[in-house]
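Q: File name data_37.pdb; file contents PDB, C-alpha atoms, pLDDT in the B column; full text below.
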```
ATOM      1  CA  ARG X  19     -16.196  13.306 -12.640  1.00 48.00           C
ATOM      2  CA  ASP X  20     -15.560  10.573 -15.157  1.00 55.00           C
ATOM      3  CA  ALA X  21     -18.853   8.632 -15.000  1.00 53.00           C
ATOM      4  CA  PRO X  22     -17.573   5.342 -16.499  1.00 59.00           C
ATOM      5  CA  ALA X  23     -14.541   5.324 -14.187  1.00 58.00           C
ATOM      6  CA  HIS X  24     -16.733   6.135 -11.198  1.00 58.00           C
ATOM      7  CA  ALA X  25     -19.132   3.336 -12.139  1.00 58.00           C
ATOM      8  CA  ARG X  26     -16.226   0.862 -12.375  1.00 57.00           C
ATOM      9  CA  GLN X  27     -14.972   1.954  -8.950  1.00 56.00           C
ATOM     10  CA  CYS X  28     -18.429   1.513  -7.424  1.00 60.00           C
ATOM     11  CA  LEU X  29     -18.742  -1.959  -8.948  1.00 56.00           C
ATOM     12  CA  CYS X  30     -15.287  -2.880  -7.702  1.00 59.00           C
ATOM     13  CA  LEU X  31     -16.064  -1.630  -4.197  1.00 60.00           C
ATOM     14  CA  ALA X  32     -19.328  -3.582  -4.196  1.00 56.00           C
ATOM     15  CA  ALA X  33     -17.458  -6.682  -5.331  1.00 54.00           C
ATOM     16  CA  LEU X  34     -14.902  -6.256  -2.556  1.00 57.00           C
ATOM     17  CA  GLN X  35     -17.655  -6.188   0.018  1.00 56.00           C
ATOM     18  CA  LYS X  36     -18.826  -9.606  -1.178  1.00 49.00           C
ATOM     19  CA  VAL X  37     -15.374 -11.213  -1.244  1.00 50.00           C
ATOM     20  CA  PRO X  38     -14.450 -13.116   1.908  1.00 50.00           C
ATOM     21  CA  GLY X  39     -11.254 -11.892   3.508  1.00 59.00           C
ATOM     22  CA  THR X  40      -9.403  -8.688   2.885  1.00 62.00           C
ATOM     23  CA  GLU X  41      -6.736  -9.564   0.321  1.00 67.00           C
ATOM     24  CA  ILE X  42      -6.845  -7.457  -2.832  1.00 68.00           C
ATOM     25  CA  PRO X  43      -4.868  -8.840  -5.792  1.00 65.00           C
ATOM     26  CA  GLU X  44      -2.548  -6.289  -7.381  1.00 66.00           C
ATOM     27  CA  GLU X  45      -4.233  -6.573 -10.769  1.00 64.00           C
ATOM     28  CA  GLU X  46      -7.543  -5.591  -9.178  1.00 64.00           C
ATOM     29  CA  SER X  47      -6.152  -2.779  -7.047  1.00 66.00           C
ATOM     30  CA  GLY X  48      -5.958  -0.527 -10.107  1.00 68.00           C
ATOM     31  CA  LEU X  49      -9.720  -0.738 -10.508  1.00 64.00           C
ATOM     32  CA  LEU X  50     -10.161   0.967  -7.156  1.00 70.00           C
ATOM     33  CA  GLY X  51      -8.451   4.139  -8.302  1.00 70.00           C
ATOM     34  CA  ARG X  52      -8.477   6.782  -5.557  1.00 75.00           C
ATOM     35  CA  LEU X  53     -10.670   4.540  -3.386  1.00 78.00           C
ATOM     36  CA  LEU X  54      -7.525   2.548  -2.689  1.00 81.00           C
ATOM     37  CA  CYS X  55      -6.390   5.473  -0.532  1.00 86.00           C
ATOM     38  CA  GLU X  56      -9.412   4.868   1.720  1.00 84.00           C
ATOM     39  CA  LEU X  57      -8.745   1.195   2.470  1.00 84.00           C
ATOM     40  CA  GLY X  58      -8.303   0.164   6.077  1.00 86.00           C
ATOM     41  CA  GLY X  59      -5.106  -1.243   7.485  1.00 89.00           C
ATOM     42  CA  GLU X  60      -6.468  -4.805   7.435  1.00 87.00           C
ATOM     43  CA  TYR X  61      -6.631  -4.689   3.607  1.00 84.00           C
ATOM     44  CA  ILE X  62      -3.090  -3.330   3.418  1.00 89.00           C
ATOM     45  CA  ARG X  63      -1.729  -6.055   5.715  1.00 90.00           C
ATOM     46  CA  SER X  64      -3.661  -8.873   4.003  1.00 86.00           C
ATOM     47  CA  SER X  65      -2.566  -7.804   0.559  1.00 83.00           C
ATOM     48  CA  ALA X  66       1.079  -7.835   1.643  1.00 73.00           C
ATOM     49  CA  GLY X  67       3.179  -5.726  -0.678  1.00 79.00           C
ATOM     50  CA  SER X  68       0.812  -5.752  -3.640  1.00 81.00           C
ATOM     51  CA  LEU X  69      -0.768  -2.403  -2.721  1.00 86.00           C
ATOM     52  CA  LEU X  70       2.344  -0.503  -1.642  1.00 90.00           C
ATOM     53  CA  ARG X  71       3.264   1.139  -4.932  1.00 87.00           C
ATOM     54  CA  ARG X  72      -0.279   2.401  -5.447  1.00 87.00           C
ATOM     55  CA  LEU X  73      -0.562   3.547  -1.821  1.00 90.00           C
ATOM     56  CA  GLY X  74       2.578   5.606  -2.417  1.00 90.00           C
ATOM     57  CA  GLN X  75       0.535   7.664  -4.877  1.00 88.00           C
ATOM     58  CA  CYS X  76      -2.014   8.674  -2.231  1.00 89.00           C
ATOM     59  CA  GLY X  77      -1.731  12.259  -1.004  1.00 85.00           C
ATOM     60  CA  SER X  78      -1.610  11.145   2.613  1.00 89.00           C
ATOM     61  CA  LEU X  79      -2.408   8.093   4.678  1.00 92.00           C
ATOM     62  CA  LEU X  80      -4.381   7.732   7.879  1.00 92.00           C
ATOM     63  CA  PRO X  81      -2.498   6.597  11.018  1.00 95.00           C
ATOM     64  CA  GLY X  82      -3.908   3.051  10.756  1.00 94.00           C
ATOM     65  CA  GLN X  83      -2.852   2.852   7.124  1.00 94.00           C
ATOM     66  CA  GLU X  84       0.643   4.105   7.970  1.00 96.00           C
ATOM     67  CA  GLU X  85       0.984   1.474  10.687  1.00 96.00           C
ATOM     68  CA  ALA X  86      -0.109  -1.238   8.247  1.00 95.00           C
ATOM     69  CA  VAL X  87       2.409  -0.044   5.631  1.00 95.00           C
ATOM     70  CA  ARG X  88       5.163  -0.161   8.278  1.00 96.00           C
ATOM     71  CA  ASP X  89       4.107  -3.690   9.267  1.00 96.00           C
ATOM     72  CA  VAL X  90       4.212  -4.878   5.668  1.00 94.00           C
ATOM     73  CA  LEU X  91       7.555  -3.208   4.920  1.00 96.00           C
ATOM     74  CA  SER X  92       9.088  -4.522   8.162  1.00 95.00           C
ATOM     75  CA  SER X  93       8.077  -8.064   7.273  1.00 93.00           C
ATOM     76  CA  GLY X  94      10.401  -8.009   4.270  1.00 92.00           C
ATOM     77  CA  ASN X  95       7.807  -9.994   2.292  1.00 89.00           C
ATOM     78  CA  THR X  96       7.517  -7.412  -0.464  1.00 92.00           C
ATOM     79  CA  THR X  97       9.226  -6.767  -3.767  1.00 90.00           C
ATOM     80  CA  PHE X  98      11.419  -4.327  -1.809  1.00 93.00           C
ATOM     81  CA  GLY X  99      12.758  -7.122   0.402  1.00 94.00           C
ATOM     82  CA  PRO X 100      13.789  -6.660   4.028  1.00 96.00           C
ATOM     83  CA  PRO X 101      14.923  -3.169   5.089  1.00 97.00           C
ATOM     84  CA  ALA X 102      18.409  -4.536   5.877  1.00 97.00           C
ATOM     85  CA  GLN X 103      18.866  -5.117   2.130  1.00 97.00           C
ATOM     86  CA  TRP X 104      17.521  -1.814   0.868  1.00 97.00           C
ATOM     87  CA  SER X 105      19.664   0.455  -1.284  1.00 95.00           C
ATOM     88  CA  ALA X 106      19.371   4.040  -2.464  1.00 95.00           C
ATOM     89  CA  PHE X 107      17.435   2.671  -5.437  1.00 95.00           C
ATOM     90  CA  THR X 108      14.955   0.934  -3.107  1.00 95.00           C
ATOM     91  CA  LEU X 109      14.425   4.165  -1.209  1.00 94.00           C
ATOM     92  CA  SER X 110      13.711   6.006  -4.450  1.00 94.00           C
ATOM     93  CA  GLU X 111      11.239   3.245  -5.408  1.00 93.00           C
ATOM     94  CA  LEU X 112       9.433   3.680  -2.073  1.00 93.00           C
ATOM     95  CA  GLY X 113       8.699   7.291  -3.026  1.00 91.00           C
ATOM     96  CA  ARG X 114       6.240   8.943  -0.645  1.00 92.00           C
ATOM     97  CA  LEU X 115       6.101   5.842   1.547  1.00 94.00           C
ATOM     98  CA  ILE X 116       9.443   6.914   3.017  1.00 94.00           C
ATOM     99  CA  SER X 117       7.499   9.382   5.151  1.00 94.00           C
ATOM    100  CA  VAL X 118       5.837   6.545   7.098  1.00 95.00           C
ATOM    101  CA  LEU X 119       9.068   4.743   8.013  1.00 96.00           C
ATOM    102  CA  ASP X 120       9.749   4.769  11.733  1.00 96.00           C
ATOM    103  CA  HIS X 121      12.990   4.545  13.697  1.00 96.00           C
ATOM    104  CA  SER X 122      12.943   0.734  13.884  1.00 95.00           C
ATOM    105  CA  ILE X 123      12.833   0.459  10.082  1.00 96.00           C
ATOM    106  CA  LEU X 124      15.282   3.290   9.416  1.00 96.00           C
ATOM    107  CA  GLN X 125      17.772   1.671  11.797  1.00 96.00           C
ATOM    108  CA  GLN X 126      17.881  -1.476   9.637  1.00 96.00           C
ATOM    109  CA  ILE X 127      18.662   0.287   6.353  1.00 95.00           C
ATOM    110  CA  PRO X 128      22.364   0.015   5.419  1.00 93.00           C
ATOM    111  CA  LYS X 129      24.178   3.310   5.487  1.00 84.00           C
TER     112      LYS X 129
END
```
Turn the structure described in the file into structure tokens.
A:
Amino acid sequence: RDAPAHARQCLCLAALQKVPGTEIPEEESGLLGRLLCELGGEYIRSSAGSLLRRLGQCGSLLPGQEEAVRDVLSSGNTTFGPPAQWSAFTLSELGRLISVLDHSILQQIPK
């Protein structure tokens, strides 16, 4: 275990617990490292699309996290835009997050 990195993650987690609300700015999400993969759905929803790319690097997501990712992607308020405007490039950018898309989202993607 990388002690300095672990110490930074602990400090960041402690700081998050003191911050009102659940929004995590993208520039701070990198400090969480693998702890980002443990965040609850409320953090994912509140942070809009800023966490999506990093969440795509997690090995797997919990059901509540998957639901939150779907909510955020469905909203269209991300750098990916609304599903109705997605292209093959967008799908490649989503990476592993494609696995959480449900029928209602897939239906909107242009063929």
Q: If you count all atoms listed in the file, which residues fall within 9 Å of Glu84 in chain X, apart from same-chain ones fewer than 4 positions away, as a PDB file with C-alpha atoms, in the frame of the given file?
A:
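Output contents, as saved in around_17.pdb:
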```
ATOM      1  CA  GLY X  59      -5.106  -1.243   7.485  1.00 89.00           C
ATOM      2  CA  LEU X  79      -2.408   8.093   4.678  1.00 92.00           C
ATOM      3  CA  LEU X  80      -4.381   7.732   7.879  1.00 92.00           C
ATOM      4  CA  ARG X  88       5.163  -0.161   8.278  1.00 96.00           C
ATOM      5  CA  ASP X  89       4.107  -3.690   9.267  1.00 96.00           C
ATOM      6  CA  LEU X 115       6.101   5.842   1.547  1.00 94.00           C
ATOM      7  CA  VAL X 118       5.837   6.545   7.098  1.00 95.00           C
ATOM      8  CA  LEU X 119       9.068   4.743   8.013  1.00 96.00           C
TER       9      LEU X 119
END
```
Q: So that all listed atoms of range 85-91 of chain X fit with 8 Å spare on each side, what axis-aligned box centre and edge lengths in Å, to one decimal, would you give as lines of an AutoDock Vina configuration file?
A:
```
center_x = 3.7
center_y = -1.7
center_z = 7.8
size_x = 23.7
size_y = 22.4
size_z = 21.8
```
Q: Expand the PyMOL selection byres ((chain X and resi 125) around 12) into the explicit residue set it covers here, and present it as a VMD selection string.
A: chain X and resid 92 101 to 104 119 to 124 126 to 129
Q: Restricted to C-alpha atoms, what would the selected residues look like written as a JSON list (two decimals), in the coordinates of the input?
A:
```
[["chain", "number", "residue", "atom", "x", "y", "z"],
["X", 92, "SER", "CA", 9.09, -4.52, 8.16],
["X", 101, "PRO", "CA", 14.92, -3.17, 5.09],
["X", 102, "ALA", "CA", 18.41, -4.54, 5.88],
["X", 103, "GLN", "CA", 18.87, -5.12, 2.13],
["X", 104, "TRP", "CA", 17.52, -1.81, 0.87],
["X", 119, "LEU", "CA", 9.07, 4.74, 8.01],
["X", 120, "ASP", "CA", 9.75, 4.77, 11.73],
["X", 121, "HIS", "CA", 12.99, 4.54, 13.70],
["X", 122, "SER", "CA", 12.94, 0.73, 13.88],
["X", 123, "ILE", "CA", 12.83, 0.46, 10.08],
["X", 124, "LEU", "CA", 15.28, 3.29, 9.42],
["X", 126, "GLN", "CA", 17.88, -1.48, 9.64],
["X", 127, "ILE", "CA", 18.66, 0.29, 6.35],
["X", 128, "PRO", "CA", 22.36, 0.02, 5.42],
["X", 129, "LYS", "CA", 24.18, 3.31, 5.49]]
```
Q: Would you list the residues near (10.6, 2.7, -5.8) (no more than 12 Å away, in the coordinates of the file, using all atoms listed in the file) as a list in words?
A: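 Checking each residue against the 12 Å limit leaves Leu70, Arg71, Arg72, Leu73, Gly74, Gln75, Thr96, Thr97, Phe98, Gly99, Trp104, Ser105, Ala106, Phe107, Thr108, Leu109, Ser110, Glu111, Leu112, Gly113, Arg114, Leu115 and Ile116 of chain X.
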Q: Work out how far apart CA of Gly82 in chain X and CA of Cys55 in chain X are and give it in Å to one decimal.
A: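 Between CA of Gly82 in chain X and CA of Cys55 in chain X the gap works out to 11.8 Å.
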Q: I'd like the interatomic distance between CA of Glu56 in chain X and CA of Pro100 in chain X, to a tenth of an Å.
A: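 Between these atoms lies a distance of 26.0 Å.
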Q: Just give me the gap between CA of Leu57 in chain X and CA of Cys76 in chain X in Å, one decimal is fine.
A: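 These atoms are spaced 11.1 Å apart.
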